[in-house]
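Asks: Below is the file structure-v1.tsv, with TSV, N, CA and C atoms.
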```
chain	number	residue	atom	x	y	z
A	26	MET	N	36.21	20.49	80.21
A	26	MET	CA	37.14	20.24	81.31
A	26	MET	C	36.46	19.37	82.37
A	27	ASP	N	37.17	18.40	82.85
A	27	ASP	CA	36.63	17.47	83.83
A	27	ASP	C	37.12	17.86	85.23
A	28	TYR	N	36.20	18.31	86.07
A	28	TYR	CA	36.58	18.78	87.40
A	28	TYR	C	36.52	17.69	88.46
A	29	LEU	N	35.85	16.60	88.18
A	29	LEU	CA	35.68	15.55	89.18
A	29	LEU	C	36.82	14.53	89.06
A	30	THR	N	38.02	15.00	89.36
A	30	THR	CA	39.20	14.15	89.31
A	30	THR	C	39.58	13.75	90.73
A	31	SER	N	40.42	12.75	90.84
A	31	SER	CA	40.88	12.34	92.17
A	31	SER	C	41.68	13.48	92.83
A	32	GLY	N	42.43	14.24	92.06
A	32	GLY	CA	43.18	15.36	92.62
A	32	GLY	C	42.27	16.44	93.16
A	33	ASN	N	41.23	16.80	92.41
A	33	ASN	CA	40.29	17.82	92.88
A	33	ASN	C	39.49	17.33	94.08
A	34	ALA	N	39.14	16.06	94.08
A	34	ALA	CA	38.43	15.50	95.24
A	34	ALA	C	39.32	15.53	96.47
A	35	ALA	N	40.61	15.22	96.31
A	35	ALA	CA	41.54	15.29	97.44
A	35	ALA	C	41.61	16.71	97.98
A	36	LEU	N	41.66	17.68	97.08
A	36	LEU	CA	41.71	19.08	97.51
A	36	LEU	C	40.44	19.47	98.25
A	37	LEU	N	39.29	19.06	97.75
A	37	LEU	CA	38.03	19.37	98.42
A	37	LEU	C	37.95	18.73	99.80
A	38	VAL	N	38.37	17.49	99.90
A	38	VAL	CA	38.37	16.81	101.21
A	38	VAL	C	39.33	17.52	102.16
A	39	LEU	N	40.49	17.93	101.67
A	39	LEU	CA	41.46	18.65	102.49
A	39	LEU	C	40.89	19.98	102.98
A	40	VAL	N	40.27	20.74	102.08
A	40	VAL	CA	39.66	22.02	102.47
A	40	VAL	C	38.55	21.78	103.49
A	41	ASN	N	37.75	20.75	103.28
A	41	ASN	CA	36.68	20.42	104.22
A	41	ASN	C	37.24	20.07	105.61
A	42	THR	N	38.32	19.32	105.64
A	42	THR	CA	38.94	18.93	106.90
A	42	THR	C	39.49	20.15	107.64
A	43	VAL	N	40.13	21.04	106.91
A	43	VAL	CA	40.66	22.27	107.53
A	43	VAL	C	39.50	23.14	108.02
A	44	ALA	N	38.44	23.24	107.22
A	44	ALA	CA	37.27	24.03	107.64
A	44	ALA	C	36.65	23.46	108.90
A	45	ALA	N	36.59	22.14	109.01
A	45	ALA	CA	36.03	21.50	110.20
A	45	ALA	C	36.88	21.82	111.43
A	46	LYS	N	38.19	21.81	111.26
A	46	LYS	CA	39.08	22.14	112.38
A	46	LYS	C	38.93	23.60	112.78
A	47	CYS	N	38.83	24.48	111.80
A	47	CYS	CA	38.63	25.91	112.10
A	47	CYS	C	37.29	26.13	112.78
A	48	TYR	N	36.27	25.41	112.33
A	48	TYR	CA	34.95	25.52	112.93
A	48	TYR	C	35.00	25.17	114.42
A	49	MET	N	35.69	24.10	114.76
A	49	MET	CA	35.81	23.72	116.17
A	49	MET	C	36.66	24.73	116.93
A	50	SER	N	37.76	25.16	116.34
A	50	SER	CA	38.66	26.08	117.05
A	50	SER	C	38.03	27.45	117.27
A	51	PHE	N	37.47	28.02	116.20
A	51	PHE	CA	36.97	29.39	116.30
A	51	PHE	C	35.48	29.45	116.64
A	52	GLY	N	34.75	28.42	116.30
A	52	GLY	CA	33.32	28.41	116.59
A	52	GLY	C	32.99	27.92	117.99
A	53	PHE	N	33.91	27.16	118.58
A	53	PHE	CA	33.65	26.60	119.90
A	53	PHE	C	34.78	26.87	120.89
A	54	ARG	N	35.97	26.42	120.56
A	54	ARG	CA	37.08	26.53	121.52
A	54	ARG	C	37.38	27.97	121.90
A	55	ALA	N	37.34	28.88	120.94
A	55	ALA	CA	37.63	30.29	121.23
A	55	ALA	C	36.61	30.89	122.19
A	56	LYS	N	35.39	30.39	122.14
A	56	LYS	CA	34.34	30.89	123.04
A	56	LYS	C	34.59	30.49	124.49
A	57	MET	N	35.46	29.51	124.70
A	57	MET	CA	35.74	29.06	126.07
A	57	MET	C	36.90	29.83	126.71
A	58	LEU	N	37.61	30.62	125.92
A	58	LEU	CA	38.75	31.36	126.46
A	58	LEU	C	38.30	32.30	127.57
A	59	GLY	N	39.01	32.26	128.67
A	59	GLY	CA	38.71	33.15	129.79
A	59	GLY	C	37.53	32.73	130.65
A	60	LYS	N	36.91	31.62	130.32
A	60	LYS	CA	35.76	31.15	131.12
A	60	LYS	C	36.26	30.29	132.28
A	61	SER	N	35.45	30.18	133.27
A	61	SER	CA	35.78	29.34	134.42
A	61	SER	C	35.73	27.87	133.99
A	62	GLU	N	36.35	27.02	134.79
A	62	GLU	CA	36.32	25.58	134.48
A	62	GLU	C	34.89	25.06	134.47
A	63	LYS	N	34.08	25.56	135.38
A	63	LYS	CA	32.69	25.13	135.45
A	63	LYS	C	31.94	25.53	134.17
A	64	ALA	N	32.18	26.74	133.68
A	64	ALA	CA	31.53	27.21	132.45
A	64	ALA	C	32.03	26.42	131.24
A	65	LYS	N	33.32	26.07	131.23
A	65	LYS	CA	33.88	25.28	130.13
A	65	LYS	C	33.24	23.90	130.09
A	66	ILE	N	33.08	23.29	131.25
A	66	ILE	CA	32.46	21.96	131.32
A	66	ILE	C	31.02	22.04	130.84
A	67	ALA	N	30.29	23.07	131.27
A	67	ALA	CA	28.90	23.23	130.84
A	67	ALA	C	28.83	23.43	129.32
A	68	PHE	N	29.75	24.22	128.79
A	68	PHE	CA	29.79	24.47	127.35
A	68	PHE	C	30.04	23.17	126.58
A	69	LYS	N	30.98	22.37	127.08
A	69	LYS	CA	31.30	21.09	126.43
A	69	LYS	C	30.17	20.07	126.54
A	70	GLU	N	29.27	20.26	127.47
A	70	GLU	CA	28.14	19.36	127.64
A	70	GLU	C	26.95	19.74	126.77
A	71	SER	N	27.03	20.88	126.07
A	71	SER	CA	25.91	21.29	125.23
A	71	SER	C	25.77	20.35	124.03
A	72	ASP	N	24.54	20.20	123.57
A	72	ASP	CA	24.28	19.33	122.42
A	72	ASP	C	25.01	19.82	121.17
A	73	ASP	N	25.04	21.15	120.97
A	73	ASP	CA	25.73	21.70	119.79
A	73	ASP	C	27.20	21.34	119.80
A	74	PHE	N	27.85	21.50	120.95
A	74	PHE	CA	29.27	21.18	121.03
A	74	PHE	C	29.50	19.69	120.81
A	75	LYS	N	28.72	18.86	121.48
A	75	LYS	CA	28.90	17.41	121.35
A	75	LYS	C	28.73	16.94	119.91
A	76	THR	N	27.71	17.47	119.23
A	76	THR	CA	27.47	17.07	117.84
A	76	THR	C	28.61	17.51	116.94
A	77	ALA	N	28.98	18.79	117.02
A	77	ALA	CA	30.05	19.30	116.17
A	77	ALA	C	31.37	18.59	116.47
A	78	HIS	N	31.64	18.36	117.74
A	78	HIS	CA	32.88	17.70	118.14
A	78	HIS	C	32.95	16.27	117.60
A	79	SER	N	31.85	15.53	117.71
A	79	SER	CA	31.86	14.15	117.23
A	79	SER	C	31.99	14.09	115.71
A	80	LYS	N	31.32	15.01	115.00
A	80	LYS	CA	31.43	15.04	113.54
A	80	LYS	C	32.85	15.40	113.11
A	81	GLN	N	33.45	16.37	113.80
A	81	GLN	CA	34.81	16.79	113.44
A	81	GLN	C	35.81	15.69	113.73
A	82	LEU	N	35.65	15.00	114.84
A	82	LEU	CA	36.55	13.87	115.14
A	82	LEU	C	36.40	12.76	114.09
A	83	ASN	N	35.16	12.51	113.69
A	83	ASN	CA	34.93	11.50	112.67
A	83	ASN	C	35.56	11.93	111.35
A	84	ASP	N	35.42	13.20	111.01
A	84	ASP	CA	36.06	13.72	109.80
A	84	ASP	C	37.58	13.61	109.90
A	85	ALA	N	38.12	13.80	111.09
A	85	ALA	CA	39.57	13.70	111.29
A	85	ALA	C	40.07	12.27	111.04
A	86	GLU	N	39.20	11.29	111.18
A	86	GLU	CA	39.56	9.91	110.88
A	86	GLU	C	39.56	9.65	109.37
A	87	TYR	N	38.55	10.14	108.69
A	87	TYR	CA	38.37	9.86	107.28
A	87	TYR	C	39.16	10.79	106.37
A	88	GLY	N	39.25	12.07	106.72
A	88	GLY	CA	39.88	13.07	105.86
A	88	GLY	C	41.29	12.70	105.41
A	89	PRO	N	42.20	12.41	106.34
A	89	PRO	CA	43.56	12.07	105.91
A	89	PRO	C	43.63	10.82	105.04
A	90	LEU	N	42.79	9.84	105.33
A	90	LEU	CA	42.76	8.62	104.53
A	90	LEU	C	42.37	8.94	103.09
A	91	PHE	N	41.33	9.76	102.92
A	91	PHE	CA	40.90	10.12	101.58
A	91	PHE	C	41.92	11.01	100.87
A	92	VAL	N	42.47	11.98	101.58
A	92	VAL	CA	43.44	12.87	100.94
A	92	VAL	C	44.62	12.05	100.42
A	93	ALA	N	45.16	11.19	101.27
A	93	ALA	CA	46.33	10.40	100.87
A	93	ALA	C	46.02	9.47	99.70
A	94	THR	N	44.93	8.74	99.79
A	94	THR	CA	44.64	7.77	98.73
A	94	THR	C	44.20	8.46	97.44
A	95	LEU	N	43.45	9.53	97.54
A	95	LEU	CA	43.04	10.25	96.33
A	95	LEU	C	44.24	10.91	95.65
A	96	LEU	N	45.17	11.43	96.45
A	96	LEU	CA	46.38	11.99	95.84
A	96	LEU	C	47.22	10.91	95.19
A	97	TYR	N	47.27	9.73	95.80
A	97	TYR	CA	47.98	8.61	95.18
A	97	TYR	C	47.34	8.30	93.82
A	98	LEU	N	46.01	8.18	93.82
A	98	LEU	CA	45.32	7.88	92.56
A	98	LEU	C	45.59	8.98	91.53
A	99	HIS	N	45.64	10.21	91.99
A	99	HIS	CA	45.94	11.33	91.08
A	99	HIS	C	47.32	11.17	90.46
A	100	THR	N	48.31	10.78	91.27
A	100	THR	CA	49.67	10.62	90.74
A	100	THR	C	49.74	9.48	89.73
A	101	GLN	N	48.80	8.53	89.84
A	101	GLN	CA	48.76	7.40	88.92
A	101	GLN	C	47.87	7.68	87.70
A	102	GLY	N	47.27	8.86	87.67
A	102	GLY	CA	46.39	9.22	86.56
A	102	GLY	C	45.05	8.49	86.59
A	103	ILE	N	44.63	8.06	87.77
A	103	ILE	CA	43.38	7.33	87.93
A	103	ILE	C	42.31	8.29	88.41
A	104	ASN	N	41.25	8.44	87.63
A	104	ASN	CA	40.18	9.38	87.95
A	104	ASN	C	38.83	8.71	87.84
A	105	ASN	N	38.49	7.94	88.84
A	105	ASN	CA	37.18	7.30	88.90
A	105	ASN	C	36.20	8.32	89.47
A	106	LYS	N	35.26	8.78	88.64
A	106	LYS	CA	34.34	9.85	89.06
A	106	LYS	C	33.44	9.42	90.23
A	107	LEU	N	33.05	8.17	90.25
A	107	LEU	CA	32.21	7.69	91.35
A	107	LEU	C	32.98	7.75	92.66
A	108	VAL	N	34.20	7.25	92.66
A	108	VAL	CA	35.02	7.24	93.88
A	108	VAL	C	35.33	8.67	94.32
A	109	SER	N	35.78	9.50	93.38
A	109	SER	CA	36.12	10.88	93.72
A	109	SER	C	34.90	11.64	94.22
A	110	GLY	N	33.79	11.48	93.51
A	110	GLY	CA	32.57	12.18	93.90
A	110	GLY	C	32.03	11.72	95.24
A	111	ALA	N	32.05	10.41	95.47
A	111	ALA	CA	31.55	9.87	96.74
A	111	ALA	C	32.41	10.32	97.91
A	112	ALA	N	33.73	10.37	97.71
A	112	ALA	CA	34.62	10.81	98.78
A	112	ALA	C	34.40	12.29	99.10
A	113	ALA	N	34.35	13.12	98.07
A	113	ALA	CA	34.17	14.55	98.29
A	113	ALA	C	32.78	14.85	98.85
A	114	PHE	N	31.75	14.33	98.21
A	114	PHE	CA	30.38	14.57	98.68
A	114	PHE	C	30.17	14.03	100.09
A	115	GLY	N	30.60	12.80	100.31
A	115	GLY	CA	30.39	12.17	101.62
A	115	GLY	C	31.09	12.92	102.74
A	116	SER	N	32.30	13.38	102.48
A	116	SER	CA	33.05	14.11	103.50
A	116	SER	C	32.35	15.41	103.87
A	117	VAL	N	31.95	16.17	102.86
A	117	VAL	CA	31.28	17.45	103.10
A	117	VAL	C	29.90	17.23	103.72
A	118	CYS	N	29.14	16.33	103.14
A	118	CYS	CA	27.77	16.07	103.60
A	118	CYS	C	27.76	15.60	105.05
A	119	TYR	N	28.62	14.66	105.39
A	119	TYR	CA	28.62	14.13	106.75
A	119	TYR	C	29.00	15.21	107.76
A	120	MET	N	30.06	15.96	107.47
A	120	MET	CA	30.55	16.95	108.43
A	120	MET	C	29.52	18.04	108.70
A	121	TRP	N	28.91	18.55	107.66
A	121	TRP	CA	28.07	19.74	107.82
A	121	TRP	C	26.58	19.43	107.89
A	122	SER	N	26.21	18.17	107.90
A	122	SER	CA	24.79	17.81	107.91
A	122	SER	C	24.08	18.29	109.17
A	123	HIS	N	24.81	18.47	110.26
A	123	HIS	CA	24.15	18.85	111.51
A	123	HIS	C	23.56	20.25	111.46
A	124	PHE	N	23.84	21.02	110.42
A	124	PHE	CA	23.26	22.36	110.27
A	124	PHE	C	21.85	22.32	109.68
A	125	PHE	N	21.40	21.17	109.23
A	125	PHE	CA	20.16	21.10	108.48
A	125	PHE	C	18.98	20.56	109.27
A	126	GLY	N	19.00	20.75	110.57
A	126	GLY	CA	17.86	20.38	111.40
A	126	GLY	C	17.40	18.96	111.19
A	127	LYS	N	16.11	18.82	110.88
A	127	LYS	CA	15.52	17.49	110.71
A	127	LYS	C	16.15	16.74	109.53
A	128	LEU	N	16.62	17.47	108.53
A	128	LEU	CA	17.27	16.82	107.39
A	128	LEU	C	18.57	16.14	107.78
A	129	SER	N	19.16	16.54	108.90
A	129	SER	CA	20.42	15.95	109.32
A	129	SER	C	20.28	14.46	109.58
A	130	LYS	N	19.09	14.02	109.95
A	130	LYS	CA	18.86	12.59	110.18
A	130	LYS	C	18.92	11.80	108.87
A	131	VAL	N	18.75	12.49	107.75
A	131	VAL	CA	18.88	11.87	106.43
A	131	VAL	C	20.28	12.13	105.87
A	132	LEU	N	20.72	13.38	105.95
A	132	LEU	CA	21.99	13.75	105.33
A	132	LEU	C	23.20	13.10	106.00
A	133	GLY	N	23.17	12.95	107.31
A	133	GLY	CA	24.28	12.30	108.01
A	133	GLY	C	24.51	10.88	107.49
A	134	PRO	N	23.47	10.04	107.48
A	134	PRO	CA	23.64	8.69	106.94
A	134	PRO	C	23.98	8.66	105.44
A	135	VAL	N	23.44	9.61	104.67
A	135	VAL	CA	23.78	9.67	103.25
A	135	VAL	C	25.27	9.97	103.08
A	136	GLY	N	25.78	10.93	103.87
A	136	GLY	CA	27.20	11.25	103.82
A	136	GLY	C	28.06	10.07	104.26
A	137	ALA	N	27.64	9.40	105.33
A	137	ALA	CA	28.40	8.25	105.82
A	137	ALA	C	28.41	7.12	104.78
A	138	THR	N	27.28	6.87	104.17
A	138	THR	CA	27.20	5.82	103.15
A	138	THR	C	28.08	6.17	101.95
A	139	SER	N	28.06	7.43	101.55
A	139	SER	CA	28.91	7.87	100.44
A	139	SER	C	30.38	7.64	100.74
A	140	ARG	N	30.75	7.90	101.98
A	140	ARG	CA	32.16	7.70	102.35
A	140	ARG	C	32.52	6.22	102.31
A	141	PHE	N	31.62	5.34	102.74
A	141	PHE	CA	31.91	3.90	102.67
A	141	PHE	C	32.03	3.43	101.22
A	142	ILE	N	31.15	3.93	100.37
A	142	ILE	CA	31.26	3.60	98.94
A	142	ILE	C	32.63	4.05	98.43
A	143	ALA	N	33.02	5.26	98.80
A	143	ALA	CA	34.32	5.79	98.38
A	143	ALA	C	35.47	4.96	98.93
A	144	LEU	N	35.38	4.54	100.18
A	144	LEU	CA	36.45	3.72	100.77
A	144	LEU	C	36.66	2.43	99.99
A	145	PHE	N	35.57	1.74	99.69
A	145	PHE	CA	35.69	0.49	98.94
A	145	PHE	C	36.17	0.77	97.52
A	146	GLY	N	35.72	1.88	96.94
A	146	GLY	CA	36.18	2.26	95.61
A	146	GLY	C	37.66	2.59	95.58
A	147	VAL	N	38.13	3.29	96.60
A	147	VAL	CA	39.56	3.62	96.70
A	147	VAL	C	40.39	2.35	96.82
A	148	ILE	N	39.94	1.44	97.66
A	148	ILE	CA	40.65	0.17	97.82
A	148	ILE	C	40.74	-0.55	96.48
A	149	TYR	N	39.63	-0.60	95.78
A	149	TYR	CA	39.60	-1.26	94.47
A	149	TYR	C	40.56	-0.59	93.49
A	150	GLU	N	40.53	0.74	93.41
A	150	GLU	CA	41.39	1.46	92.46
A	150	GLU	C	42.87	1.34	92.83
A	151	VAL	N	43.17	1.40	94.11
A	151	VAL	CA	44.57	1.24	94.54
A	151	VAL	C	45.04	-0.17	94.21
A	152	HIS	N	44.18	-1.16	94.50
A	152	HIS	CA	44.53	-2.55	94.19
A	152	HIS	C	44.81	-2.74	92.70
A	153	LYS	N	43.94	-2.19	91.87
A	153	LYS	CA	44.13	-2.29	90.42
A	153	LYS	C	45.46	-1.65	89.99
A	154	SER	N	45.81	-0.54	90.62
A	154	SER	CA	47.01	0.19	90.22
A	154	SER	C	48.30	-0.56	90.59
A	155	LEU	N	48.20	-1.47	91.55
A	155	LEU	CA	49.39	-2.19	92.02
A	155	LEU	C	49.69	-3.44	91.18
A	156	LYS	N	48.80	-3.78	90.28
A	156	LYS	CA	49.00	-5.00	89.46
A	156	LYS	C	49.98	-4.74	88.35
```
Would you put the structure from the file into structure tokens?

Replies:
Amino acid sequence: MDYLTSGNAALLVLVNTVAAKCYMSFGFRAKMLGKSEKAKIAFKESDDFKTAHSKQLNDAEYGPLFVATLLYLHTQGINNKLVSGAAAFGSVCYMWSHFFGKLSKVLGPVGATSRFIALFGVIYEVHKSLK
């Protein structure tokens, strides 16, 4: 059985995007409930919040693009393992790399590069499918 399909990659990217949103909502935003405005501002200025917030916003840009295009490829029966793998790996790696301390300086760029490879691959596969 081949699990690295465009449909499975779309599902993984979707789950990752939802997990990132939950992480921000319950891991950060919920902690601000009932706090003073001054405490909320201080919380938002923390390095942990800024890093997680920027990664989640970046994921919010890429996630829907990958889900939509990978699902399109799935409906067309197109399963490029490199594109699917790069999209799924890059999305997960980039979002959660900040948990790995010093490794995050390597994993973040690796995830970002994987996503760019996937973007160009998706464009290529969609273009081929339209001919």

Asks: Mind dumping a table of every range 26-84 of chain A residue within 12 Å of range 135-146 of chain A, with the nearest atom pair and its distance in Å to one decimal, using only C-alpha atoms, sorted by chain and rising number, as JSON lines?

Replies:
```
{"residue": "A:Ser31", "atom": "CA", "partner": "A:Ala143", "partner_atom": "CA", "distance": 11.2}
{"residue": "A:Ala34", "atom": "CA", "partner": "A:Ala143", "partner_atom": "CA", "distance": 11.0}
{"residue": "A:Ala35", "atom": "CA", "partner": "A:Ala143", "partner_atom": "CA", "distance": 12.0}
{"residue": "A:Val38", "atom": "CA", "partner": "A:Arg140", "partner_atom": "CA", "distance": 11.1}
{"residue": "A:Lys80", "atom": "CA", "partner": "A:Ala137", "partner_atom": "CA", "distance": 10.7}
{"residue": "A:Asn83", "atom": "CA", "partner": "A:Ala137", "partner_atom": "CA", "distance": 10.0}
{"residue": "A:Asp84", "atom": "CA", "partner": "A:Ala137", "partner_atom": "CA", "distance": 10.2}
```

Asks: Counting only C-alpha atoms, which residue out of A:Val151, A:Met120, A:Ala67, A:Val108 sits closest to Asn33 in chain A?

Replies: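 Smallest distance to Asn33 in chain A is found for A:Val108.
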
Asks: Would you mind reading off the distance between atom C of Ala112 in chain A and CA of Asp72 in chain A, one decimal, in Å?

Replies: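 Taking atom C of Ala112 in chain A and CA of Asp72 in chain A, their separation equals 26.4 Å.
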
Asks: Suppose you want the space between atom C of Thr30 in chain A and atom C of Cys47 in chain A; what is it in Å?

Replies: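 Atom-to-atom, atom C of Thr30 in chain A and atom C of Cys47 in chain A are spaced 25.4 Å apart.
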
Asks: How many Å lie between atom N of Met49 in chain A and atom C of Ala77 in chain A, rounded to one decimal?

Replies: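 If I compute the distance from atom N of Met49 in chain A to atom C of Ala77 in chain A, I get 7.2 Å.
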
Asks: Go through A:Leu95, A:Ala45, A:Ala85, A:Ala64 one by one, measure the shortest atom-to-atom distance of each to Trp121 in chain A using only C-alpha atoms, and give the residue with the smallest value.

Replies: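 Smallest distance to Trp121 in chain A is found for A:Ala45.
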
Asks: Hey, can I get the axis-aligned box for range 129-136 of chain A? All listed atoms, 3 Å padding on each side, centre and edge lengths in Å to one decimal, as JSON.

Replies:
```
{"center_x": 23.4, "center_y": 12.6, "center_z": 106.6, "size_x": 15.3, "size_y": 13.9, "size_z": 13.1}
```

Asks: Kindly indicate which residue among A:Val131, A:Ile148, A:Leu107, A:Val40 lies nearest to Gly88 in chain A, using only C-alpha atoms for the distances.

Replies: A:Val40
